[in-house]
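The file upload-v4.txt contains compact mmCIF, N, CA and C atoms:
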# COMPACT_ATOMS: atom_id res chain seq x y z
N MET P 1 -42.30 -27.53 39.86
CA MET P 1 -42.36 -26.56 38.78
C MET P 1 -43.42 -27.04 37.79
N ASN P 2 -44.35 -26.15 37.45
CA ASN P 2 -45.38 -26.50 36.48
C ASN P 2 -44.95 -26.11 35.07
N ASP P 3 -45.78 -26.39 34.10
CA ASP P 3 -45.45 -26.15 32.69
C ASP P 3 -45.24 -24.67 32.39
N VAL P 4 -46.01 -23.80 33.00
CA VAL P 4 -45.89 -22.36 32.76
C VAL P 4 -44.55 -21.86 33.29
N ASP P 5 -44.14 -22.31 34.47
CA ASP P 5 -42.85 -21.91 35.03
C ASP P 5 -41.68 -22.43 34.17
N SER P 6 -41.80 -23.65 33.68
CA SER P 6 -40.76 -24.20 32.81
C SER P 6 -40.66 -23.40 31.52
N LEU P 7 -41.81 -23.03 30.97
CA LEU P 7 -41.81 -22.24 29.74
C LEU P 7 -41.16 -20.88 29.98
N LYS P 8 -41.48 -20.24 31.12
CA LYS P 8 -40.87 -18.94 31.46
C LYS P 8 -39.35 -19.08 31.59
N CYS P 9 -38.90 -20.15 32.19
CA CYS P 9 -37.45 -20.38 32.36
C CYS P 9 -36.77 -20.55 31.00
N VAL P 10 -37.36 -21.35 30.13
CA VAL P 10 -36.78 -21.58 28.80
C VAL P 10 -36.78 -20.29 27.99
N VAL P 11 -37.87 -19.54 28.00
CA VAL P 11 -37.95 -18.28 27.26
C VAL P 11 -36.95 -17.27 27.81
N GLY P 12 -36.83 -17.22 29.15
CA GLY P 12 -35.87 -16.29 29.77
C GLY P 12 -34.43 -16.58 29.35
N TRP P 13 -34.04 -17.86 29.42
CA TRP P 13 -32.69 -18.23 29.00
C TRP P 13 -32.49 -17.98 27.50
N SER P 14 -33.49 -18.23 26.71
CA SER P 14 -33.39 -17.99 25.27
C SER P 14 -33.19 -16.51 24.97
N LEU P 15 -33.98 -15.67 25.63
CA LEU P 15 -33.83 -14.22 25.42
C LEU P 15 -32.47 -13.74 25.90
N GLY P 16 -32.01 -14.26 27.03
CA GLY P 16 -30.67 -13.90 27.51
C GLY P 16 -29.58 -14.29 26.52
N GLY P 17 -29.71 -15.48 25.93
CA GLY P 17 -28.75 -15.92 24.92
C GLY P 17 -28.78 -15.05 23.68
N LEU P 18 -29.98 -14.65 23.26
CA LEU P 18 -30.12 -13.76 22.09
C LEU P 18 -29.48 -12.40 22.37
N VAL P 19 -29.70 -11.86 23.55
CA VAL P 19 -29.12 -10.55 23.90
C VAL P 19 -27.59 -10.65 23.94
N ALA P 20 -27.08 -11.70 24.59
CA ALA P 20 -25.62 -11.86 24.66
C ALA P 20 -25.02 -12.04 23.27
N SER P 21 -25.65 -12.85 22.44
CA SER P 21 -25.15 -13.04 21.07
C SER P 21 -25.19 -11.75 20.27
N SER P 22 -26.26 -10.98 20.44
CA SER P 22 -26.37 -9.70 19.73
C SER P 22 -25.28 -8.74 20.14
N VAL P 23 -24.95 -8.71 21.43
CA VAL P 23 -23.88 -7.82 21.91
C VAL P 23 -22.55 -8.25 21.30
N VAL P 24 -22.27 -9.53 21.28
CA VAL P 24 -20.99 -10.02 20.71
C VAL P 24 -20.93 -9.73 19.22
N ILE P 25 -21.99 -9.98 18.49
CA ILE P 25 -22.00 -9.73 17.05
C ILE P 25 -21.86 -8.24 16.76
N ALA P 26 -22.53 -7.40 17.52
CA ALA P 26 -22.41 -5.94 17.34
C ALA P 26 -20.98 -5.49 17.60
N ALA P 27 -20.35 -6.04 18.64
CA ALA P 27 -18.97 -5.66 18.94
C ALA P 27 -18.03 -6.07 17.81
N LEU P 28 -18.25 -7.24 17.23
CA LEU P 28 -17.41 -7.69 16.11
C LEU P 28 -17.61 -6.83 14.87
N ILE P 29 -18.84 -6.44 14.62
CA ILE P 29 -19.13 -5.64 13.44
C ILE P 29 -18.60 -4.21 13.59
N LEU P 30 -18.75 -3.63 14.77
CA LEU P 30 -18.39 -2.23 14.98
C LEU P 30 -16.91 -2.02 15.26
N THR P 31 -16.18 -3.05 15.64
CA THR P 31 -14.75 -2.92 15.92
C THR P 31 -13.99 -3.03 14.60
N PRO P 32 -13.21 -2.00 14.26
CA PRO P 32 -12.45 -2.10 13.00
C PRO P 32 -11.38 -3.18 13.12
N PRO P 33 -11.13 -3.91 12.04
CA PRO P 33 -10.11 -4.95 12.10
C PRO P 33 -8.73 -4.32 12.26
N PRO P 34 -7.81 -5.02 12.89
CA PRO P 34 -6.47 -4.46 13.03
C PRO P 34 -5.85 -4.26 11.65
N GLN P 35 -5.21 -3.13 11.48
CA GLN P 35 -4.62 -2.78 10.19
C GLN P 35 -3.16 -3.18 10.19
N GLY P 36 -2.82 -4.13 9.35
CA GLY P 36 -1.44 -4.53 9.21
C GLY P 36 -0.76 -3.66 8.15
N GLU P 37 0.52 -3.85 8.02
CA GLU P 37 1.27 -3.10 7.01
C GLU P 37 2.03 -4.08 6.14
N VAL P 38 2.18 -3.74 4.88
CA VAL P 38 2.96 -4.53 3.94
C VAL P 38 3.92 -3.60 3.22
N VAL P 39 5.00 -4.16 2.74
CA VAL P 39 5.95 -3.40 1.94
C VAL P 39 5.65 -3.73 0.48
N THR P 40 5.36 -2.70 -0.29
CA THR P 40 5.01 -2.89 -1.69
C THR P 40 5.93 -2.11 -2.60
N GLU P 41 6.04 -2.59 -3.81
CA GLU P 41 6.74 -1.85 -4.86
C GLU P 41 5.71 -1.42 -5.88
N ARG P 42 5.69 -0.15 -6.15
CA ARG P 42 4.84 0.40 -7.20
C ARG P 42 5.77 0.92 -8.29
N ALA P 43 5.29 0.88 -9.52
CA ALA P 43 6.10 1.37 -10.63
C ALA P 43 5.18 2.00 -11.66
N VAL P 44 5.67 3.05 -12.28
CA VAL P 44 4.95 3.65 -13.40
C VAL P 44 5.96 3.79 -14.54
N ALA P 45 5.55 3.37 -15.72
CA ALA P 45 6.48 3.28 -16.85
C ALA P 45 6.21 4.37 -17.88
N SER P 46 7.15 4.48 -18.79
CA SER P 46 7.06 5.37 -19.95
C SER P 46 6.94 6.84 -19.58
N LEU P 47 7.78 7.28 -18.65
CA LEU P 47 7.80 8.69 -18.26
C LEU P 47 8.94 9.39 -18.99
N ASP P 48 8.69 10.60 -19.49
CA ASP P 48 9.80 11.36 -20.06
C ASP P 48 10.70 11.83 -18.92
N GLN P 49 11.85 12.39 -19.26
CA GLN P 49 12.84 12.76 -18.25
C GLN P 49 12.29 13.78 -17.26
N GLN P 50 11.63 14.79 -17.75
CA GLN P 50 11.13 15.86 -16.88
C GLN P 50 10.04 15.34 -15.92
N THR P 51 9.11 14.55 -16.43
CA THR P 51 8.04 14.01 -15.59
C THR P 51 8.61 13.05 -14.56
N CYS P 52 9.55 12.20 -14.97
CA CYS P 52 10.18 11.26 -14.05
C CYS P 52 10.87 12.01 -12.91
N ARG P 53 11.63 13.03 -13.25
CA ARG P 53 12.38 13.79 -12.24
C ARG P 53 11.42 14.51 -11.29
N ARG P 54 10.35 15.08 -11.84
CA ARG P 54 9.36 15.78 -11.01
C ARG P 54 8.69 14.81 -10.03
N MET P 55 8.32 13.62 -10.53
CA MET P 55 7.70 12.62 -9.65
C MET P 55 8.69 12.13 -8.60
N MET P 56 9.94 11.91 -9.01
CA MET P 56 10.96 11.45 -8.07
C MET P 56 11.16 12.49 -6.96
N ASP P 57 11.26 13.76 -7.34
CA ASP P 57 11.42 14.82 -6.34
C ASP P 57 10.23 14.88 -5.39
N THR P 58 9.02 14.63 -5.90
CA THR P 58 7.83 14.62 -5.05
C THR P 58 7.92 13.50 -4.03
N PHE P 59 8.34 12.31 -4.45
CA PHE P 59 8.46 11.19 -3.51
C PHE P 59 9.59 11.42 -2.50
N VAL P 60 10.67 12.06 -2.92
CA VAL P 60 11.75 12.40 -1.98
C VAL P 60 11.22 13.34 -0.91
N GLU P 61 10.46 14.34 -1.30
CA GLU P 61 9.89 15.28 -0.33
C GLU P 61 8.89 14.60 0.59
N GLN P 62 8.07 13.70 0.05
CA GLN P 62 7.12 12.96 0.89
C GLN P 62 7.86 12.12 1.91
N SER P 63 8.96 11.49 1.50
CA SER P 63 9.75 10.67 2.41
C SER P 63 10.34 11.50 3.53
N ARG P 64 10.80 12.67 3.21
CA ARG P 64 11.39 13.55 4.22
C ARG P 64 10.33 14.19 5.11
N SER P 65 9.06 14.11 4.68
CA SER P 65 7.95 14.64 5.47
C SER P 65 7.26 13.54 6.28
N GLY P 66 7.79 12.34 6.27
CA GLY P 66 7.24 11.28 7.10
C GLY P 66 6.67 10.08 6.39
N ALA P 67 6.50 10.11 5.07
CA ALA P 67 6.01 8.92 4.36
C ALA P 67 7.05 7.82 4.48
N GLN P 68 6.62 6.60 4.62
CA GLN P 68 7.54 5.48 4.82
C GLN P 68 8.00 4.90 3.49
N ILE P 69 8.76 5.68 2.76
CA ILE P 69 9.31 5.23 1.48
C ILE P 69 10.71 4.68 1.76
N ILE P 70 10.91 3.42 1.41
CA ILE P 70 12.17 2.75 1.73
C ILE P 70 13.19 2.89 0.61
N TRP P 71 12.78 2.62 -0.62
CA TRP P 71 13.68 2.69 -1.77
C TRP P 71 12.99 3.41 -2.92
N LEU P 72 13.79 4.08 -3.72
CA LEU P 72 13.29 4.82 -4.87
C LEU P 72 14.36 4.71 -5.95
N TRP P 73 13.95 4.47 -7.18
CA TRP P 73 14.89 4.44 -8.31
C TRP P 73 14.16 4.56 -9.63
N ALA P 74 14.92 4.92 -10.64
CA ALA P 74 14.38 5.00 -12.01
C ALA P 74 15.29 4.18 -12.91
N GLU P 75 14.68 3.55 -13.89
CA GLU P 75 15.44 2.81 -14.89
C GLU P 75 14.77 2.96 -16.24
N GLU P 76 15.43 2.50 -17.27
CA GLU P 76 14.90 2.68 -18.63
C GLU P 76 13.66 1.82 -18.84
N SER P 77 12.64 2.43 -19.42
CA SER P 77 11.40 1.71 -19.74
C SER P 77 11.60 0.90 -21.01
N THR P 78 10.90 -0.22 -21.05
CA THR P 78 10.87 -0.96 -22.30
C THR P 78 9.88 -0.26 -23.21
N PRO P 79 10.15 -0.21 -24.50
CA PRO P 79 9.26 0.51 -25.42
C PRO P 79 7.84 -0.06 -25.39
N ARG P 80 6.87 0.85 -25.51
CA ARG P 80 5.45 0.47 -25.55
C ARG P 80 4.84 1.02 -26.83
N VAL P 81 3.78 0.41 -27.24
CA VAL P 81 3.10 0.85 -28.45
C VAL P 81 2.24 2.07 -28.17
N PHE P 82 1.51 2.07 -27.04
CA PHE P 82 0.57 3.15 -26.72
C PHE P 82 0.94 3.83 -25.42
N GLY P 83 1.43 5.03 -25.43
CA GLY P 83 1.59 5.93 -24.29
C GLY P 83 2.16 5.33 -23.02
N ALA P 84 1.89 6.02 -21.92
CA ALA P 84 2.41 5.64 -20.61
C ALA P 84 1.72 4.39 -20.11
N GLY P 85 2.48 3.57 -19.43
CA GLY P 85 1.92 2.34 -18.88
C GLY P 85 1.22 2.61 -17.56
N PRO P 86 0.37 1.69 -17.14
CA PRO P 86 -0.33 1.85 -15.87
C PRO P 86 0.61 1.59 -14.70
N TRP P 87 0.15 2.01 -13.53
CA TRP P 87 0.88 1.68 -12.30
C TRP P 87 0.84 0.18 -12.11
N SER P 88 1.91 -0.38 -11.60
CA SER P 88 1.90 -1.79 -11.19
C SER P 88 2.24 -1.83 -9.70
N LYS P 89 1.88 -2.93 -9.05
CA LYS P 89 2.10 -3.04 -7.61
C LYS P 89 2.37 -4.49 -7.26
N GLN P 90 3.35 -4.73 -6.35
CA GLN P 90 3.62 -6.06 -5.84
C GLN P 90 4.23 -5.95 -4.45
N GLN P 91 4.07 -7.00 -3.64
CA GLN P 91 4.69 -7.01 -2.32
C GLN P 91 6.14 -7.43 -2.47
N VAL P 92 7.03 -6.81 -1.67
CA VAL P 92 8.46 -7.08 -1.80
C VAL P 92 9.11 -7.22 -0.43
N ASP P 93 10.36 -7.70 -0.44
CA ASP P 93 11.18 -7.81 0.77
C ASP P 93 12.04 -6.55 0.86
N PRO P 94 11.91 -5.76 1.95
CA PRO P 94 12.61 -4.48 2.03
C PRO P 94 14.03 -4.56 2.58
N SER P 95 14.56 -5.76 2.84
CA SER P 95 15.81 -5.87 3.58
C SER P 95 17.05 -5.37 2.83
N ALA P 96 17.05 -5.38 1.52
CA ALA P 96 18.22 -4.95 0.75
C ALA P 96 17.75 -4.13 -0.44
N PRO P 97 18.62 -3.25 -0.95
CA PRO P 97 18.22 -2.47 -2.13
C PRO P 97 17.86 -3.40 -3.28
N PRO P 98 16.72 -3.18 -3.92
CA PRO P 98 16.32 -4.05 -5.02
C PRO P 98 17.17 -3.88 -6.27
N ARG P 99 17.82 -2.74 -6.41
CA ARG P 99 18.73 -2.48 -7.52
C ARG P 99 19.96 -1.78 -6.93
N PRO P 100 21.11 -1.93 -7.55
CA PRO P 100 22.30 -1.26 -6.99
C PRO P 100 22.18 0.26 -7.00
N TYR P 101 21.35 0.82 -7.85
CA TYR P 101 21.19 2.26 -7.95
C TYR P 101 19.96 2.77 -7.21
N ALA P 102 19.30 1.91 -6.44
CA ALA P 102 18.17 2.35 -5.61
C ALA P 102 18.74 3.15 -4.44
N PHE P 103 18.00 4.16 -4.01
CA PHE P 103 18.46 4.98 -2.89
C PHE P 103 17.32 5.18 -1.89
N HIS P 104 17.71 5.46 -0.65
CA HIS P 104 16.72 5.74 0.39
C HIS P 104 16.44 7.24 0.37
N PRO P 105 15.25 7.64 -0.06
CA PRO P 105 14.99 9.07 -0.27
C PRO P 105 14.96 9.91 1.00
N GLY P 106 14.79 9.29 2.16
CA GLY P 106 14.78 10.07 3.40
C GLY P 106 16.16 10.49 3.85
N SER P 107 17.19 9.78 3.38
CA SER P 107 18.54 10.09 3.86
C SER P 107 19.59 10.20 2.76
N GLN P 108 19.24 9.86 1.54
CA GLN P 108 20.21 9.93 0.44
C GLN P 108 19.67 10.79 -0.68
N ALA P 109 20.59 11.36 -1.44
CA ALA P 109 20.21 12.17 -2.60
C ALA P 109 19.99 11.27 -3.81
N ALA P 110 19.14 11.72 -4.71
CA ALA P 110 18.92 10.99 -5.96
C ALA P 110 20.19 11.00 -6.79
N PRO P 111 20.54 9.89 -7.38
CA PRO P 111 21.73 9.87 -8.24
C PRO P 111 21.54 10.83 -9.42
N PRO P 112 22.61 11.48 -9.86
CA PRO P 112 22.48 12.45 -10.95
C PRO P 112 21.99 11.82 -12.25
N GLN P 113 22.28 10.55 -12.48
CA GLN P 113 21.86 9.90 -13.73
C GLN P 113 20.42 9.39 -13.67
N ALA P 114 19.73 9.55 -12.54
CA ALA P 114 18.34 9.09 -12.43
C ALA P 114 17.48 9.84 -13.43
N CYS P 115 16.56 9.16 -14.04
CA CYS P 115 15.62 9.72 -15.02
C CYS P 115 16.32 10.25 -16.27
N SER P 116 17.45 9.66 -16.64
CA SER P 116 18.22 10.18 -17.76
C SER P 116 17.90 9.51 -19.10
N PHE P 117 17.00 8.55 -19.10
CA PHE P 117 16.65 7.85 -20.34
C PHE P 117 15.53 8.60 -21.07
N PRO P 118 15.40 8.37 -22.36
CA PRO P 118 14.27 9.01 -23.08
C PRO P 118 12.92 8.61 -22.48
N GLU P 119 12.79 7.31 -22.08
CA GLU P 119 11.59 6.83 -21.38
C GLU P 119 12.04 6.12 -20.11
N ASN P 120 11.48 6.52 -18.97
CA ASN P 120 11.90 6.02 -17.67
C ASN P 120 10.76 5.31 -16.96
N THR P 121 11.12 4.33 -16.13
CA THR P 121 10.18 3.69 -15.22
C THR P 121 10.60 4.07 -13.81
N LEU P 122 9.70 4.65 -13.05
CA LEU P 122 9.98 5.06 -11.68
C LEU P 122 9.43 3.99 -10.74
N HIS P 123 10.28 3.52 -9.81
CA HIS P 123 9.91 2.48 -8.84
C HIS P 123 9.93 3.08 -7.44
N ILE P 124 8.91 2.74 -6.64
CA ILE P 124 8.80 3.22 -5.27
C ILE P 124 8.52 2.02 -4.38
N VAL P 125 9.39 1.74 -3.41
CA VAL P 125 9.15 0.70 -2.42
C VAL P 125 8.78 1.41 -1.13
N ALA P 126 7.58 1.12 -0.62
CA ALA P 126 7.08 1.85 0.55
C ALA P 126 6.26 0.93 1.45
N VAL P 127 6.11 1.35 2.70
CA VAL P 127 5.24 0.65 3.66
C VAL P 127 3.85 1.22 3.49
N GLU P 128 2.88 0.34 3.28
CA GLU P 128 1.49 0.77 3.08
C GLU P 128 0.58 -0.06 3.97
N PRO P 129 -0.61 0.46 4.27
CA PRO P 129 -1.58 -0.36 5.00
C PRO P 129 -1.95 -1.57 4.17
N GLU P 130 -2.13 -2.70 4.84
CA GLU P 130 -2.51 -3.92 4.13
C GLU P 130 -3.93 -3.78 3.63
N PRO P 131 -4.15 -4.00 2.34
CA PRO P 131 -5.52 -3.87 1.82
C PRO P 131 -6.39 -5.02 2.32
N HIS P 132 -7.65 -4.73 2.51
CA HIS P 132 -8.62 -5.75 2.90
C HIS P 132 -9.35 -6.20 1.66
N ALA P 133 -9.89 -7.39 1.70
CA ALA P 133 -10.63 -7.91 0.54
C ALA P 133 -11.74 -6.94 0.17
N GLY P 134 -11.83 -6.64 -1.10
CA GLY P 134 -12.88 -5.77 -1.58
C GLY P 134 -12.53 -4.29 -1.58
N THR P 135 -11.33 -3.93 -1.11
CA THR P 135 -10.94 -2.52 -1.14
C THR P 135 -10.04 -2.27 -2.31
N PHE P 136 -10.06 -1.05 -2.80
CA PHE P 136 -9.22 -0.67 -3.93
C PHE P 136 -8.19 0.32 -3.43
N ILE P 137 -6.93 0.07 -3.72
CA ILE P 137 -5.86 0.98 -3.34
C ILE P 137 -5.53 1.81 -4.57
N GLY P 138 -5.59 3.14 -4.44
CA GLY P 138 -5.31 4.03 -5.56
C GLY P 138 -3.84 4.04 -5.90
N ALA P 139 -3.50 4.71 -6.96
CA ALA P 139 -2.13 4.73 -7.45
C ALA P 139 -1.21 5.57 -6.59
N GLY P 140 -1.70 6.58 -5.90
CA GLY P 140 -0.85 7.46 -5.11
C GLY P 140 -0.60 6.91 -3.72
N LEU P 141 0.51 7.28 -3.13
CA LEU P 141 0.79 6.89 -1.75
C LEU P 141 0.10 7.85 -0.81
N GLN P 142 -0.35 7.32 0.32
CA GLN P 142 -1.00 8.21 1.30
C GLN P 142 0.02 8.91 2.14
Can I see the file as structure tokens?
Amino acid sequence: MNDVDSLKCVVGWSLGGLVASSVVIAALILTPPPQGEVVTERAVASLDQQTCRRMMDTFVEQSRSGAQIIWLWAEESTPRVFGAGPWSKQQVDPSAPPRPYAFHPGSQAAPPQACSFPENTLHIVAVEPEPHAGTFIGAGLQ
């Protein structure tokens, strides 16, 4: 084998390696990552009775239409200086009701005393897609 043949062999293997690497990298980039699910609790505070009840009824209907809402409840809001509080969100363990008055909206009716305080905080525990780094999850459930 002379120098030209050796060079052709090295260049050929190099190009083959570049093509194979490009195919693997393209497959990794174009394949969406597997979407996991997490159970989260969202809450919105400082709702008047009518708004709280309307939102609760909306989540009950969503649950009965297929949304994976596990627990729903309302409790008295702590007083705030300025208007309604923002949504909050945290991951939770769905194995037991988080409050004795929490109910499963897909199979149970809302307690009659729900949203009965002058200011209410509505809590929703639901299964949601796991967020990826750099993504923003809006306040509403999908």
| If we count all atoms listed in the file, what is near Val125 in chain P at a cut-off of 8 Å, once residues fewer than 3 positions away on the same chain are taken out, given as a VMD selection string? | chain P and resid 39 to 43 68 to 73 92 94 122 128
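Shortest separation to Thr58 in chain P among P:Glu130, P:Pro100, P:Pro105, P:Lys8 occurs at residue P:Pro105, atoms counted being only C-alpha atoms.
Atom pair atom N of Val38 in chain P / CA of Gly66 in chain P: separated by 16.0 Å.
Picture a line from CA of Ser63 in chain P to CA of Gly106 in chain P; it runs 5.2 Å.
Distance-wise, CA of Ala126 in chain P and CA of Glu37 in chain P end up 10.0 Å apart.
Distances to Val44 in chain P were evaluated for P:Val10, P:Gln108, P:Gly16, P:Ser77 using all atoms listed in the file, and the minimum falls at P:Ser77.
Using only N, CA and C atoms, the shortest contact distance between Asn120 in chain P and any of P:Leu47, P:Ser14, P:Arg99, P:Ser22 is found at P:Leu47.
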| request: Please provide as a ChimeraX atom specification all residues within 8 Å of range 52-54 of chain P, with the sequence filter that same-chain residues fewer than 2 positions apart are discarded (counting only N, CA and C atoms). | output: /P:46-50,56-60,74,114-116,120-122
Place N, CA, C and O atoms on range 4-19 of chain P and deliver the coordinates as an mmCIF file, in the frame of the given file.
data_model
loop_
_atom_site.group_PDB
_atom_site.id
_atom_site.type_symbol
_atom_site.label_atom_id
_atom_site.label_comp_id
_atom_site.auth_asym_id
_atom_site.auth_seq_id
_atom_site.Cartn_x
_atom_site.Cartn_y
_atom_site.Cartn_z
ATOM 1 N N VAL P 4 -46.010 -23.800 33.000
ATOM 2 C CA VAL P 4 -45.890 -22.360 32.760
ATOM 3 C C VAL P 4 -44.550 -21.860 33.290
ATOM 4 O O VAL P 4 -43.851 -21.084 32.633
ATOM 5 N N ASP P 5 -44.140 -22.310 34.470
ATOM 6 C CA ASP P 5 -42.850 -21.910 35.030
ATOM 7 C C ASP P 5 -41.680 -22.430 34.170
ATOM 8 O O ASP P 5 -40.685 -21.732 33.964
ATOM 9 N N SER P 6 -41.800 -23.650 33.680
ATOM 10 C CA SER P 6 -40.760 -24.200 32.810
ATOM 11 C C SER P 6 -40.660 -23.400 31.520
ATOM 12 O O SER P 6 -39.555 -23.117 31.035
ATOM 13 N N LEU P 7 -41.810 -23.030 30.970
ATOM 14 C CA LEU P 7 -41.810 -22.240 29.740
ATOM 15 C C LEU P 7 -41.160 -20.880 29.980
ATOM 16 O O LEU P 7 -40.371 -20.394 29.171
ATOM 17 N N LYS P 8 -41.480 -20.240 31.120
ATOM 18 C CA LYS P 8 -40.870 -18.940 31.460
ATOM 19 C C LYS P 8 -39.350 -19.080 31.590
ATOM 20 O O LYS P 8 -38.590 -18.218 31.132
ATOM 21 N N CYS P 9 -38.900 -20.150 32.190
ATOM 22 C CA CYS P 9 -37.450 -20.380 32.360
ATOM 23 C C CYS P 9 -36.770 -20.550 31.000
ATOM 24 O O CYS P 9 -35.728 -19.951 30.742
ATOM 25 N N VAL P 10 -37.360 -21.350 30.130
ATOM 26 C CA VAL P 10 -36.780 -21.580 28.800
ATOM 27 C C VAL P 10 -36.780 -20.290 27.990
ATOM 28 O O VAL P 10 -35.775 -19.936 27.341
ATOM 29 N N VAL P 11 -37.870 -19.540 28.000
ATOM 30 C CA VAL P 11 -37.950 -18.280 27.260
ATOM 31 C C VAL P 11 -36.950 -17.270 27.810
ATOM 32 O O VAL P 11 -36.272 -16.561 27.064
ATOM 33 N N GLY P 12 -36.830 -17.220 29.150
ATOM 34 C CA GLY P 12 -35.870 -16.290 29.770
ATOM 35 C C GLY P 12 -34.430 -16.580 29.350
ATOM 36 O O GLY P 12 -33.674 -15.681 28.998
ATOM 37 N N TRP P 13 -34.040 -17.860 29.420
ATOM 38 C CA TRP P 13 -32.690 -18.230 29.000
ATOM 39 C C TRP P 13 -32.490 -17.980 27.500
ATOM 40 O O TRP P 13 -31.413 -17.557 27.076
ATOM 41 N N SER P 14 -33.490 -18.230 26.710
ATOM 42 C CA SER P 14 -33.390 -17.990 25.270
ATOM 43 C C SER P 14 -33.190 -16.510 24.970
ATOM 44 O O SER P 14 -32.341 -16.127 24.151
ATOM 45 N N LEU P 15 -33.980 -15.670 25.630
ATOM 46 C CA LEU P 15 -33.830 -14.220 25.420
ATOM 47 C C LEU P 15 -32.470 -13.740 25.900
ATOM 48 O O LEU P 15 -31.830 -12.903 25.253
ATOM 49 N N GLY P 16 -32.010 -14.260 27.030
ATOM 50 C CA GLY P 16 -30.670 -13.900 27.510
ATOM 51 C C GLY P 16 -29.580 -14.290 26.520
ATOM 52 O O GLY P 16 -28.639 -13.546 26.274
ATOM 53 N N GLY P 17 -29.710 -15.480 25.930
ATOM 54 C CA GLY P 17 -28.750 -15.920 24.920
ATOM 55 C C GLY P 17 -28.780 -15.050 23.680
ATOM 56 O O GLY P 17 -27.754 -14.717 23.099
ATOM 57 N N LEU P 18 -29.980 -14.650 23.260
ATOM 58 C CA LEU P 18 -30.120 -13.760 22.090
ATOM 59 C C LEU P 18 -29.480 -12.400 22.370
ATOM 60 O O LEU P 18 -28.793 -11.846 21.511
ATOM 61 N N VAL P 19 -29.700 -11.860 23.550
ATOM 62 C CA VAL P 19 -29.120 -10.550 23.900
ATOM 63 C C VAL P 19 -27.590 -10.650 23.940
ATOM 64 O O VAL P 19 -26.880 -9.805 23.381
#
